[in-house]
>>> print(open('work-v9.tsv').read())   # TSV, C-alpha atoms and all ligand atoms
chain	number	residue	atom	x	y	z
A	1	MET	CA	13.81	14.49	14.01
A	2	SER	CA	10.07	14.90	14.40
A	3	GLU	CA	8.50	14.39	17.82
A	4	PRO	CA	6.67	11.01	17.93
A	5	PHE	CA	4.17	12.17	20.60
A	6	PRO	CA	1.73	15.08	20.75
A	7	PRO	CA	3.25	18.06	22.64
A	8	LEU	CA	1.68	17.50	26.08
A	9	GLU	CA	2.53	13.80	26.15
A	10	ALA	CA	6.07	14.61	24.95
A	11	GLU	CA	6.46	17.10	27.77
A	12	ILE	CA	5.16	14.69	30.43
A	13	ARG	CA	7.50	11.99	29.11
A	14	ARG	CA	10.44	14.40	29.23
A	15	ARG	CA	9.62	15.28	32.83
A	16	ILE	CA	9.35	11.59	33.81
A	17	ALA	CA	12.66	10.82	32.08
A	18	ALA	CA	14.33	13.69	33.94
A	19	ALA	CA	12.76	13.46	37.40
A	20	GLY	CA	11.32	9.94	37.65
A	21	ALA	CA	7.75	8.69	37.89
A	22	MET	CA	5.19	11.51	38.21
A	23	PRO	CA	2.59	11.65	41.01
A	24	VAL	CA	-1.00	11.26	39.71
A	25	MET	CA	-1.73	14.70	41.17
A	26	GLN	CA	0.90	16.37	39.00
A	27	TYR	CA	-0.14	14.36	35.94
A	28	MET	CA	-3.77	15.43	36.36
A	29	THR	CA	-2.75	19.05	36.90
A	30	LEU	CA	-0.72	19.12	33.68
A	31	CYS	CA	-3.42	17.35	31.64
A	32	LEU	CA	-6.11	19.78	32.81
A	33	THR	CA	-4.36	23.10	33.18
A	34	HIS	CA	-0.94	23.04	31.47
A	35	PRO	CA	-0.70	26.71	30.37
A	36	THR	CA	-0.43	25.82	26.65
A	37	TYR	CA	-1.77	22.30	26.14
A	38	GLY	CA	-4.07	21.68	29.14
A	39	TYR	CA	-7.61	20.44	28.51
A	40	TYR	CA	-9.30	23.45	30.10
A	41	VAL	CA	-6.92	25.81	28.31
A	42	THR	CA	-7.60	24.54	24.79
A	43	VAL	CA	-11.04	22.89	24.70
A	44	ASP	CA	-14.66	24.02	25.10
A	45	PRO	CA	-15.92	20.75	26.57
A	46	PHE	CA	-19.66	21.37	26.68
A	47	GLY	CA	-22.75	20.35	24.75
A	48	ALA	CA	-23.77	17.53	22.46
A	49	ALA	CA	-20.73	18.08	20.21
A	50	GLY	CA	-18.41	18.35	23.22
A	51	ASP	CA	-17.24	15.94	25.88
A	52	PHE	CA	-19.83	16.15	28.66
A	53	THR	CA	-23.05	17.88	29.70
A	54	THR	CA	-23.67	19.54	33.04
A	55	ALA	CA	-26.92	20.38	34.85
A	56	PRO	CA	-27.09	24.03	33.69
A	57	GLU	CA	-26.59	22.84	30.09
A	58	ILE	CA	-29.46	20.36	30.45
A	59	SER	CA	-32.08	22.91	31.45
A	60	GLN	CA	-32.57	26.57	32.32
A	61	MET	CA	-34.51	25.38	35.39
A	62	PHE	CA	-31.29	24.51	37.21
A	63	GLY	CA	-29.72	27.99	37.06
A	64	GLU	CA	-33.05	29.68	37.70
A	65	LEU	CA	-33.58	27.79	40.95
A	66	ILE	CA	-29.99	28.51	42.03
A	67	GLY	CA	-30.60	32.22	41.31
A	68	LEU	CA	-33.68	32.25	43.52
A	69	TRP	CA	-31.80	30.28	46.17
A	70	ALA	CA	-29.08	32.97	46.16
A	71	GLY	CA	-31.72	35.72	46.38
A	72	SER	CA	-33.32	34.19	49.41
A	73	VAL	CA	-29.93	33.64	51.08
A	74	TRP	CA	-29.20	37.33	50.40
A	75	ARG	CA	-32.37	38.28	52.32
A	76	GLN	CA	-31.38	35.93	55.12
A	77	MET	CA	-28.03	37.77	55.27
A	78	GLY	CA	-29.89	41.06	55.80
A	79	SER	CA	-29.80	42.21	52.15
A	80	PRO	CA	-26.21	43.57	52.09
A	81	THR	CA	-25.54	45.92	49.16
A	82	PRO	CA	-23.40	45.29	47.19
A	83	ILE	CA	-23.31	41.51	47.40
A	84	ASN	CA	-20.43	39.57	45.83
A	85	LEU	CA	-21.89	36.71	43.84
A	86	ILE	CA	-18.90	34.45	43.21
A	87	GLU	CA	-18.97	31.49	40.85
A	88	LEU	CA	-16.17	28.92	40.80
A	89	GLY	CA	-15.62	27.32	37.35
A	90	PRO	CA	-18.61	28.85	35.54
A	91	GLY	CA	-18.16	26.82	32.31
A	92	ARG	CA	-20.11	28.52	29.55
A	93	GLY	CA	-21.82	30.89	31.98
A	94	SER	CA	-25.22	29.25	31.48
A	95	MET	CA	-26.01	28.78	35.16
A	96	MET	CA	-25.25	32.43	35.93
A	97	GLN	CA	-27.23	33.67	32.95
A	98	ASP	CA	-30.31	31.70	34.07
A	99	ALA	CA	-29.74	32.73	37.70
A	100	LEU	CA	-29.64	36.44	36.80
A	101	ARG	CA	-32.79	36.17	34.69
A	102	ALA	CA	-34.63	34.52	37.58
A	103	ALA	CA	-33.30	37.21	39.93
A	104	ASN	CA	-35.32	39.77	37.94
A	105	VAL	CA	-38.24	38.89	40.20
A	106	MET	CA	-36.17	40.27	43.12
A	107	PRO	CA	-35.06	43.63	41.67
A	108	GLU	CA	-33.29	44.81	44.84
A	109	PHE	CA	-31.20	41.66	44.92
A	110	ARG	CA	-30.52	41.85	41.18
A	111	SER	CA	-29.26	45.41	41.39
A	112	ALA	CA	-27.07	44.67	44.43
A	113	ILE	CA	-25.11	41.94	42.60
A	114	VAL	CA	-21.45	42.30	41.66
A	115	LEU	CA	-20.35	39.14	39.85
A	116	HIS	CA	-16.97	37.51	40.36
A	117	MET	CA	-16.13	34.63	38.06
A	118	VAL	CA	-13.21	32.37	38.98
A	119	GLU	CA	-12.14	30.67	35.76
A	120	VAL	CA	-8.80	29.20	34.55
A	121	SER	CA	-9.86	28.67	30.96
A	122	PRO	CA	-9.35	31.58	28.58
A	123	ILE	CA	-11.75	29.97	26.07
A	124	LEU	CA	-14.51	29.65	28.65
A	125	GLU	CA	-13.86	33.11	30.04
A	126	LYS	CA	-14.42	34.50	26.53
A	127	ARG	CA	-17.70	32.58	26.24
A	128	GLN	CA	-18.83	33.84	29.62
A	129	ARG	CA	-18.07	37.43	28.58
A	130	GLU	CA	-20.14	37.01	25.39
A	131	PHE	CA	-22.93	35.17	27.13
A	132	LEU	CA	-23.42	37.43	30.12
A	133	GLY	CA	-23.20	40.60	28.04
A	134	GLY	CA	-22.31	42.95	30.90
A	135	SER	CA	-25.82	43.43	32.33
A	136	VAL	CA	-24.25	43.23	35.81
A	137	PRO	CA	-20.77	44.47	36.84
A	138	THR	CA	-18.58	41.39	36.33
A	139	HIS	CA	-14.94	40.59	37.07
A	140	TRP	CA	-12.80	37.57	36.24
A	141	TYR	CA	-10.03	35.91	38.25
A	142	GLN	CA	-7.84	32.84	38.08
A	143	ALA	CA	-8.22	31.99	41.77
A	144	LEU	CA	-10.70	32.55	44.62
A	145	GLU	CA	-7.99	34.25	46.71
A	146	GLU	CA	-7.97	37.17	44.22
A	147	VAL	CA	-11.67	38.03	44.66
A	148	PRO	CA	-12.25	41.12	46.88
A	149	GLU	CA	-13.45	40.49	50.42
A	150	GLY	CA	-16.97	41.40	51.57
A	151	PRO	CA	-20.41	39.85	51.96
A	152	SER	CA	-20.44	36.95	49.52
A	153	ILE	CA	-22.47	34.09	48.13
A	154	ILE	CA	-20.29	31.47	46.47
A	155	LEU	CA	-21.62	28.98	43.89
A	156	ALA	CA	-19.76	25.95	42.49
A	157	ASN	CA	-21.39	23.39	40.20
A	158	GLU	CA	-19.16	20.56	38.98
A	159	PHE	CA	-16.09	22.55	39.96
A	160	PHE	CA	-14.46	20.52	42.74
A	161	ASP	CA	-14.47	17.29	40.70
A	162	ALA	CA	-12.26	19.05	38.15
A	163	LEU	CA	-9.56	19.80	40.72
A	164	PRO	CA	-6.64	17.35	40.69
A	165	VAL	CA	-6.43	14.57	43.27
A	166	HIS	CA	-3.52	12.84	44.93
A	167	GLN	CA	-3.74	9.07	45.03
A	168	ALA	CA	-1.99	6.72	47.45
A	169	VAL	CA	-1.97	2.91	47.34
A	170	MET	CA	-1.89	0.81	50.49
A	171	CYS	CA	1.00	-1.67	50.51
A	172	ALA	CA	2.38	-4.02	53.16
A	173	ASP	CA	4.86	-1.39	54.36
A	174	GLY	CA	2.45	1.59	54.31
A	175	TRP	CA	0.86	3.95	51.80
A	176	HIS	CA	2.76	4.84	48.62
A	177	GLU	CA	1.94	7.70	46.27
A	178	ARG	CA	0.40	6.47	43.00
A	179	VAL	CA	2.43	7.64	40.03
A	180	VAL	CA	2.52	7.64	36.22
A	181	LYS	CA	5.60	6.01	34.75
A	182	ILE	CA	6.90	4.78	31.39
A	183	ASP	CA	6.93	0.97	31.17
A	184	GLU	CA	9.31	-1.36	29.33
A	185	ASN	CA	7.16	-1.10	26.18
A	186	ASP	CA	7.46	2.70	26.25
A	187	LYS	CA	3.81	3.10	27.31
A	188	LEU	CA	2.51	5.35	30.09
A	189	ARG	CA	1.36	3.21	32.98
A	190	PHE	CA	0.22	3.67	36.58
A	191	GLY	CA	2.72	2.59	39.22
A	192	ILE	CA	3.64	3.06	42.85
A	193	ALA	CA	6.37	5.30	44.24
A	194	ARG	CA	9.25	3.31	45.74
A	195	ASP	CA	9.10	4.63	49.31
A	196	PRO	CA	6.04	4.89	51.55
A	197	ILE	CA	4.70	8.34	52.48
A	198	PRO	CA	5.90	8.94	56.06
A	199	LEU	CA	3.16	8.94	58.71
A	200	PHE	CA	0.42	8.86	56.08
A	201	GLU	CA	-1.90	6.84	58.34
A	202	GLN	CA	-2.17	9.86	60.61
A	203	LEU	CA	-3.66	11.91	57.78
A	204	LEU	CA	-6.37	9.37	56.99
A	205	PRO	CA	-9.92	9.98	58.21
A	206	ARG	CA	-10.35	8.44	61.63
A	207	GLY	CA	-11.88	4.97	61.63
A	208	MET	CA	-11.41	4.40	57.89
A	209	ARG	CA	-10.63	0.77	57.15
A	210	SER	CA	-8.53	-0.20	54.17
A	211	GLN	CA	-6.86	-3.22	52.66
A	212	ILE	CA	-3.68	-3.81	50.73
A	213	GLY	CA	-4.03	-2.66	47.14
A	214	GLU	CA	-6.73	-0.10	47.90
A	215	ILE	CA	-6.39	3.48	46.74
A	216	PHE	CA	-7.14	6.58	48.77
A	217	GLU	CA	-7.65	9.96	47.09
A	218	TRP	CA	-7.40	13.43	48.51
A	219	ARG	CA	-7.32	16.98	47.22
A	220	ALA	CA	-5.33	19.92	48.47
A	221	ASP	CA	-7.71	21.64	50.91
A	222	GLN	CA	-6.75	25.16	49.83
A	223	ILE	CA	-9.93	26.11	47.96
A	224	ALA	CA	-12.26	24.47	50.51
A	225	LEU	CA	-10.43	26.30	53.32
A	226	GLU	CA	-10.67	29.59	51.45
A	227	LEU	CA	-14.36	28.99	50.77
A	228	GLY	CA	-14.96	28.39	54.49
A	229	ARG	CA	-12.92	31.45	55.47
A	230	ARG	CA	-14.90	33.71	53.12
A	231	VAL	CA	-18.23	32.35	54.26
A	232	LYS	CA	-17.24	33.12	57.86
A	233	HIS	CA	-15.61	36.51	57.29
A	234	GLY	CA	-18.08	37.72	54.68
A	235	GLU	CA	-20.97	36.48	56.84
A	236	GLY	CA	-22.27	34.76	53.74
A	237	ALA	CA	-22.95	31.37	52.27
A	238	ALA	CA	-21.84	28.88	49.64
A	239	LEU	CA	-23.46	26.14	47.59
A	240	VAL	CA	-21.44	23.25	46.17
A	241	ILE	CA	-23.08	20.75	43.81
A	242	ASP	CA	-21.09	17.83	42.48
A	243	TYR	CA	-20.82	14.05	42.35
A	244	GLY	CA	-18.95	12.19	45.00
A	245	HIS	CA	-19.15	10.34	48.26
A	246	ILE	CA	-20.65	11.54	51.51
A	247	LYS	CA	-18.07	9.81	53.73
A	248	SER	CA	-14.33	9.60	53.08
A	249	ALA	CA	-13.55	6.09	51.83
A	250	PRO	CA	-10.95	4.27	49.76
A	251	GLY	CA	-11.57	3.93	46.01
A	252	ASP	CA	-10.08	4.86	42.65
A	253	THR	CA	-12.49	7.35	41.07
A	254	LEU	CA	-10.14	8.99	38.59
A	255	GLN	CA	-11.92	8.95	35.26
A	256	ALA	CA	-11.44	10.28	31.76
A	257	VAL	CA	-14.35	11.34	29.56
A	258	GLY	CA	-14.26	12.45	25.95
A	259	LYS	CA	-17.15	12.81	23.50
A	260	HIS	CA	-19.57	11.55	26.18
A	261	GLN	CA	-17.67	8.23	26.52
A	262	TYR	CA	-15.34	6.92	29.20
A	263	ALA	CA	-11.76	6.97	28.01
A	264	ASP	CA	-8.34	5.77	29.18
A	265	PRO	CA	-6.85	8.46	31.45
A	266	LEU	CA	-3.37	7.68	30.10
A	267	LEU	CA	-4.31	8.24	26.44
A	268	ALA	CA	-5.19	11.42	24.51
A	269	LEU	CA	-3.53	13.59	27.17
A	270	GLY	CA	-5.07	17.05	27.38
A	271	GLN	CA	-7.84	16.08	24.96
A	272	VAL	CA	-10.14	14.29	27.39
A	273	ASP	CA	-11.52	15.55	30.69
A	274	LEU	CA	-10.07	14.04	33.86
A	275	THR	CA	-12.13	14.15	37.06
A	276	ALA	CA	-12.44	12.40	40.40
A	277	HIS	CA	-15.27	12.18	42.91
A	278	VAL	CA	-15.64	14.88	45.51
A	279	ASP	CA	-15.05	13.72	49.09
A	280	PHE	CA	-17.83	15.74	50.77
A	281	GLN	CA	-16.66	14.79	54.25
A	282	ALA	CA	-13.21	16.24	53.56
A	283	LEU	CA	-14.74	19.32	51.91
A	284	GLY	CA	-17.08	19.90	54.85
A	285	ASP	CA	-14.32	19.36	57.44
A	286	ALA	CA	-12.05	21.86	55.69
A	287	ALA	CA	-14.71	24.57	55.38
A	288	GLU	CA	-15.91	24.02	58.97
A	289	SER	CA	-12.36	24.27	60.28
A	290	MET	CA	-12.44	27.88	59.04
A	291	GLY	CA	-15.63	28.67	60.92
A	292	ALA	CA	-18.34	27.98	58.34
A	293	ARG	CA	-21.28	25.74	59.22
A	294	ALA	CA	-21.99	22.90	56.78
A	295	PHE	CA	-25.43	21.65	55.66
A	296	GLY	CA	-26.03	18.40	53.82
A	297	PRO	CA	-24.90	16.86	51.59
A	298	LEU	CA	-28.31	16.18	50.17
A	299	ASP	CA	-29.20	14.39	46.93
A	300	GLN	CA	-29.43	16.88	44.06
A	301	GLY	CA	-32.90	15.52	43.23
A	302	GLU	CA	-34.17	16.18	46.75
A	303	PHE	CA	-32.55	19.61	46.86
A	304	LEU	CA	-34.11	20.71	43.54
A	305	HIS	CA	-37.43	19.25	44.61
A	306	ARG	CA	-37.34	21.34	47.81
A	307	LEU	CA	-36.53	24.44	45.74
A	308	GLY	CA	-39.65	23.81	43.69
A	309	ILE	CA	-38.39	22.36	40.41
A	310	GLU	CA	-41.70	20.63	39.65
A	311	THR	CA	-43.59	23.92	39.92
A	312	ARG	CA	-41.07	25.59	37.61
A	313	ALA	CA	-41.32	22.71	35.12
A	314	ASN	CA	-45.12	22.98	35.10
A	315	ALA	CA	-44.97	26.74	34.51
A	316	LEU	CA	-42.60	26.26	31.58
A	317	LYS	CA	-44.73	23.44	30.15
A	318	SER	CA	-47.90	25.51	30.31
A	319	THR	CA	-46.59	27.90	27.63
A	320	ALA	CA	-44.46	25.46	25.61
A	321	PRO	CA	-45.26	23.73	22.28
A	322	PRO	CA	-45.69	19.90	22.55
A	323	SER	CA	-42.15	19.09	21.39
A	324	LYS	CA	-40.76	21.34	24.12
A	325	VAL	CA	-43.03	19.78	26.75
A	326	ILE	CA	-41.29	16.44	26.22
A	327	GLU	CA	-37.90	18.14	26.46
A	328	ILE	CA	-38.83	19.75	29.78
A	329	GLU	CA	-40.06	16.43	31.18
A	330	GLN	CA	-36.85	14.71	30.07
A	331	ALA	CA	-34.72	17.45	31.63
A	332	LEU	CA	-36.64	17.19	34.90
A	333	GLN	CA	-36.05	13.44	34.90
A	334	ARG	CA	-32.35	13.84	34.10
A	335	LEU	CA	-31.80	16.40	36.87
A	336	THR	CA	-33.84	14.73	39.61
A	337	GLY	CA	-34.25	11.05	38.65
A	338	THR	CA	-32.40	8.55	40.80
A	339	THR	CA	-31.80	5.73	38.31
A	340	GLY	CA	-29.13	5.11	35.65
A	341	ARG	CA	-27.24	8.18	34.53
A	342	ASN	CA	-29.86	10.54	35.96
A	343	MET	CA	-28.26	13.05	38.30
A	344	GLY	CA	-30.76	13.15	41.17
A	345	HIS	CA	-28.92	10.70	43.42
A	346	LEU	CA	-25.41	10.68	41.89
A	347	PHE	CA	-25.02	14.40	42.51
A	348	LYS	CA	-25.13	16.00	45.95
A	349	ALA	CA	-25.72	19.54	47.15
A	350	MET	CA	-23.84	20.87	50.16
A	351	GLY	CA	-24.38	24.28	51.76
A	352	PHE	CA	-22.09	26.40	53.90
A	353	ALA	CA	-23.11	29.40	55.96
A	354	HIS	CA	-21.94	31.77	58.63
A	355	PRO	CA	-23.23	30.16	61.86
A	356	ARG	CA	-25.44	33.21	62.56
A	357	LEU	CA	-27.45	32.68	59.36
A	358	GLY	CA	-29.10	29.42	60.37
A	359	PRO	CA	-30.21	26.72	57.93
A	360	LEU	CA	-29.99	27.62	54.26
A	361	PRO	CA	-32.97	27.29	51.89
A	362	GLY	CA	-33.37	23.67	50.81
A	363	PHE	CA	-31.31	22.38	53.73
A	364	ASP	CA	-33.77	23.08	56.52
A	365	PRO	CA	-34.95	19.91	58.22
B	1	LIG	N1	-19.97	25.02	36.39
B	1	LIG	C1	-19.98	24.73	34.97
B	1	LIG	C2	-18.69	24.11	34.46
B	1	LIG	C3	-18.20	22.85	35.09
B	1	LIG	S1	-16.69	22.25	34.33
B	1	LIG	C4	-21.19	23.88	34.63
B	1	LIG	O1	-21.80	23.34	35.52
B	1	LIG	O2	-21.50	23.76	33.44
B	1	LIG	C5	-15.43	22.87	35.37
B	1	LIG	C6	-15.20	24.36	35.28
B	1	LIG	O3	-14.15	24.71	36.19
B	1	LIG	C7	-14.75	24.89	33.93
B	1	LIG	O4	-15.26	26.19	33.75
B	1	LIG	C8	-13.23	24.93	34.08
B	1	LIG	O5	-12.59	25.76	33.15
B	1	LIG	C9	-13.12	25.41	35.50
B	1	LIG	N2	-11.88	25.06	36.19
B	1	LIG	C10	-11.25	23.86	36.21
B	1	LIG	N3	-10.18	23.89	37.03
B	1	LIG	C11	-10.14	25.14	37.55
B	1	LIG	C12	-9.28	25.80	38.50
B	1	LIG	N4	-8.24	25.16	39.02
B	1	LIG	N5	-9.55	27.09	38.82
B	1	LIG	C13	-10.61	27.74	38.28
B	1	LIG	N6	-11.45	27.16	37.38
B	1	LIG	C14	-11.23	25.89	37.02
>>> encode(input="work-v9.tsv", output="C-alpha cells")
Amino acid sequence: MSEPFPPLEAEIRRRIAAAGAMPVMQYMTLCLTHPTYGYYVTVDPFGAAGDFTTAPEISQMFGELIGLWAGSVWRQMGSPTPINLIELGPGRGSMMQDALRAANVMPEFRSAIVLHMVEVSPILEKRQREFLGGSVPTHWYQALEEVPEGPSIILANEFFDALPVHQAVMCADGWHERVVKIDENDKLRFGIARDPIPLFEQLLPRGMRSQIGEIFEWRADQIALELGRRVKHGEGAALVIDYGHIKSAPGDTLQAVGKHQYADPLLALGQVDLTAHVDFQALGDAAESMGARAFGPLDQGEFLHRLGIETRANALKSTAPPSKVIEIEQALQRLTGTTGRNMGHLFKAMGFAHPRLGPLPGFDP
C-alpha cells in the first residue's frame, strides 16, 4: 500500500501514534533538521526564488560592516594571532565573504583569521565552500562545542531564531507543554499535554505576568551558555543579530515561511522554514552566567548607523550606475528603516565580550 503522506509527515505521524502527542520542540527539531527530510538538510532557502531573504543577502554593506566590526574588536583584544572567527549558521556564506573582503583594509587582521563555520546543512556547507573559495583557512563543524578553543570572535545572524523552541500553555492547574497531535479528522493539530509541567513557575522569568491560555516559549540554553563560556575563556567577543523581544514575555511566535509568504506550521512539513522570536533577555542571562558581559540589545538600524552604513552607502553610490544607486538606497532602507517589513527596528543586535575588553564597537554609550 502506498504511503498517503510525504515521508517526514508519515514519520511524525508514526511517532505520535507510537508515543503520543509530540512536544512542539521535538516537532520543530524534526521539521528543521531531520537527518534525511529536514528543511535545512534538503532546501537552499535563500534568495528571490527561495523562501526568505536575510540582511547579508540584501546588501554587501551588511557583511562589510560586520567584517570591520570584527577587525576593530580584534584590535581591542590586543590583536591575537591566530584569531578564530566563528560563524554560527552562515547560510550561503555571503556575510563572511563580504566581511573578508572588507577586512582587506586591515591586512594584519585578515591574515590572522582562521575561519570556523558551524553549519548543520550539507547543502549550505557546499555553497559556503564554493563561495569562500579557500582564501582563508576554513573548517566546518556541526556544533559550536567542536570548534577548537582559543581567542575567538563569534558571529551569528538569524541563527538563534532557527533553533527549536519549547512552548508551554498556562492552564488553571499550571503550565502544560504544547504538543502536536492527530485530531479526530486525522489532521495534525496543536494541543496541550495532559499533565502540568512540575514546578514550571519557578523556571519563569521573575515578575513575568501571564494569564490562562497564554503561551510561553523557551529554548535550550546550551548554545548561549557555550557562546558565553567561549567569550570568557577565549577573552573574545560575540555578535548576535536577530529578531525577537528584549524582555522575556508570553506570546506564541512560532511561524512558518515558504516562498516569502507566511504558511501553516502544521502543513508542508520540512518544506517551509519554522522559526520563533529570540528572547534576548534569556540569551543575555545565559551568556552572562558563564562570565561574558552583555551589551544591548540595540535596534539593528541604530547599530548599523553607528557602524557607518550611510557613509558606506554613499561610497558605493558614488561609483554605481543610476539603476544600482536606487538598489543601494532601497537596501539601506530595508536594513535600517523602522517601518513595515524593514529590518531596522524588528531586528536587534546584541554584543558579548570578556569583561576586560570594555564596550564593543557600536555598543558604546
Ligand atoms: N546567517 C545566514 C543564514 C541564516 S538561516 C544569513 O544571515 O543569511 C539559519 C542558518 O543556520 C542556516 O545556515 C542553517 O542551515 C543554520 N542552522 C540551523 N539550525 C542549525 C543548528 N542547529 N546548528 C547549526 N546550524 C544551524
>>> residues_near_ligand(input="work-v9.tsv", ligand="ligand LIG 1 (chain B)", cutoff="8 Å", atoms="all atoms listed in the file", output="ChimeraX atom specification")
/A:32-33,40-41,45-46,53-57,87-95,118-121,124-125,142-144,156-163
>>> closest_atom_pairs(input="work-v9.tsv", of="range 152-197 of chain A", to="range 13-22 of chain A", cutoff="10 Å", atoms="all atoms listed in the file", output="tab-separated table")
residue	atom	partner	partner_atom	distance
A:Glu177	CA	A:Met22	CA	9.5
A:Arg178	CA	A:Met22	CA	8.4
A:Val179	CA	A:Met22	CA	5.1
A:Val180	CA	A:Met22	CA	5.1
A:Lys181	CA	A:Ala21	CA	4.7
A:Ile182	CA	A:Arg13	CA	7.6
A:Asp186	CA	A:Arg13	CA	9.7
A:Lys187	CA	A:Arg13	CA	9.8
A:Leu188	CA	A:Arg13	CA	8.4
A:Arg189	CA	A:Ala21	CA	9.7
A:Phe190	CA	A:Ala21	CA	9.1
A:Gly191	CA	A:Ala21	CA	8.0
A:Ile192	CA	A:Ala21	CA	8.6
A:Ala193	CA	A:Ala21	CA	7.3
A:Arg194	CA	A:Ala21	CA	9.6
>>> residues_around(input="work-v9.tsv", residues="Gln167 in chain A", least_positions_apart="6", cutoff="9 Å", atoms="only C-alpha atoms", output="PyMOL selection string")
chain A and resi 23-25+176-179+215-219+252
>>> axis_aligned_box(input="work-v9.tsv", around="range 35-39 of chain A", padding_each_side="3 Å", output="lines of an AutoDock Vina configuration file")
center_x = -4.0
center_y = 23.6
center_z = 28.3
size_x = 13.2
size_y = 12.3
size_z = 10.2
>>> closest_atom_pairs(input="work-v9.tsv", of="range 63-142 of chain A", to="range 293-303 of chain A", cutoff="12 Å", atoms="all atoms listed in the file", output="JSON lines")
{"residue": "A:Leu65", "atom": "CA", "partner": "A:Phe303", "partner_atom": "CA", "distance": 10.1}
{"residue": "A:Ile66", "atom": "CA", "partner": "A:Phe303", "partner_atom": "CA", "distance": 10.4}
{"residue": "A:Trp69", "atom": "CA", "partner": "A:Phe303", "partner_atom": "CA", "distance": 10.7}
>>> atom_distance(input="work-v9.tsv", atom1="CA of Tyr243 in chain A", atom2="CA of Leu346 in chain A")
5.7 Å
>>> residues_around(input="work-v9.tsv", residues="Leu8 in chain A", least_positions_apart="6", cutoff="9 Å", atoms="only C-alpha atoms", output="ChimeraX atom specification")
/A:30-31,34,36-38,269-270
>>> atom_distance(input="work-v9.tsv", atom1="CA of Phe52 in chain A", atom2="CA of Pro35 in chain A")
21.9 Å
>>> atom_distance(input="work-v9.tsv", atom1="CA of Gly351 in chain A", atom2="CA of Ala315 in chain A")
27.0 Å
>>> residues_near_point(input="work-v9.tsv", point="(5.1, -3.4, 53.2)", cutoff="12 Å", atoms="all atoms listed in the file", output="PyMOL selection string")
chain A and resi 169-176+194-197+211-213
>>> closest_residue(input="work-v9.tsv", among="A:Leu227, A:Met96, A:Ala102, A:Ala263", to="Leu132 in chain A", atoms="all atoms listed in the file")
A:Met96
>>> closest_residue(input="work-v9.tsv", among="A:Ser59, A:Gln76, A:Leu357, A:Asp44", to="Arg334 in chain A", atoms="all atoms listed in the file")
A:Ser59
>>> build_atoms(input="work-v9.tsv", residues="range 220-233 of chain A", atoms="N, CA and C atoms", output="mmCIF file, in the coordinates of the input")
data_model
loop_
_atom_site.group_PDB
_atom_site.id
_atom_site.type_symbol
_atom_site.label_atom_id
_atom_site.label_comp_id
_atom_site.auth_asym_id
_atom_site.auth_seq_id
_atom_site.Cartn_x
_atom_site.Cartn_y
_atom_site.Cartn_z
ATOM 1 N N ALA A 220 -5.852 18.831 47.640
ATOM 2 C CA ALA A 220 -5.330 19.920 48.470
ATOM 3 C C ALA A 220 -6.547 20.680 48.985
ATOM 4 N N ASP A 221 -6.534 21.030 50.279
ATOM 5 C CA ASP A 221 -7.710 21.640 50.910
ATOM 6 C C ASP A 221 -7.861 23.125 50.617
ATOM 7 N N GLN A 222 -6.861 23.697 49.960
ATOM 8 C CA GLN A 222 -6.750 25.160 49.830
ATOM 9 C C GLN A 222 -8.059 25.859 49.458
ATOM 10 N N ILE A 223 -8.744 25.377 48.428
ATOM 11 C CA ILE A 223 -9.930 26.110 47.960
ATOM 12 C C ILE A 223 -11.079 25.923 48.952
ATOM 13 N N ALA A 224 -11.203 24.706 49.520
ATOM 14 C CA ALA A 224 -12.260 24.470 50.510
ATOM 15 C C ALA A 224 -12.016 25.327 51.765
ATOM 16 N N LEU A 225 -10.753 25.467 52.163
ATOM 17 C CA LEU A 225 -10.430 26.300 53.320
ATOM 18 C C LEU A 225 -10.778 27.761 53.033
ATOM 19 N N GLU A 226 -10.410 28.200 51.832
ATOM 20 C CA GLU A 226 -10.670 29.590 51.450
ATOM 21 C C GLU A 226 -12.181 29.849 51.354
ATOM 22 N N LEU A 227 -12.902 28.863 50.839
ATOM 23 C CA LEU A 227 -14.360 28.990 50.770
ATOM 24 C C LEU A 227 -14.933 29.148 52.188
ATOM 25 N N GLY A 228 -14.477 28.312 53.105
ATOM 26 C CA GLY A 228 -14.960 28.390 54.490
ATOM 27 C C GLY A 228 -14.592 29.713 55.137
ATOM 28 N N ARG A 229 -13.368 30.167 54.881
ATOM 29 C CA ARG A 229 -12.920 31.450 55.470
ATOM 30 C C ARG A 229 -13.796 32.599 54.971
ATOM 31 N N ARG A 230 -14.102 32.599 53.678
ATOM 32 C CA ARG A 230 -14.900 33.710 53.120
ATOM 33 C C ARG A 230 -16.334 33.678 53.617
ATOM 34 N N VAL A 231 -16.866 32.474 53.740
ATOM 35 C CA VAL A 231 -18.230 32.350 54.260
ATOM 36 C C VAL A 231 -18.288 32.930 55.676
ATOM 37 N N LYS A 232 -17.269 32.624 56.472
ATOM 38 C CA LYS A 232 -17.240 33.120 57.860
ATOM 39 C C LYS A 232 -17.019 34.639 57.869
ATOM 40 N N HIS A 233 -15.958 35.080 57.196
ATOM 41 C CA HIS A 233 -15.610 36.510 57.290
ATOM 42 C C HIS A 233 -16.591 37.402 56.552
#
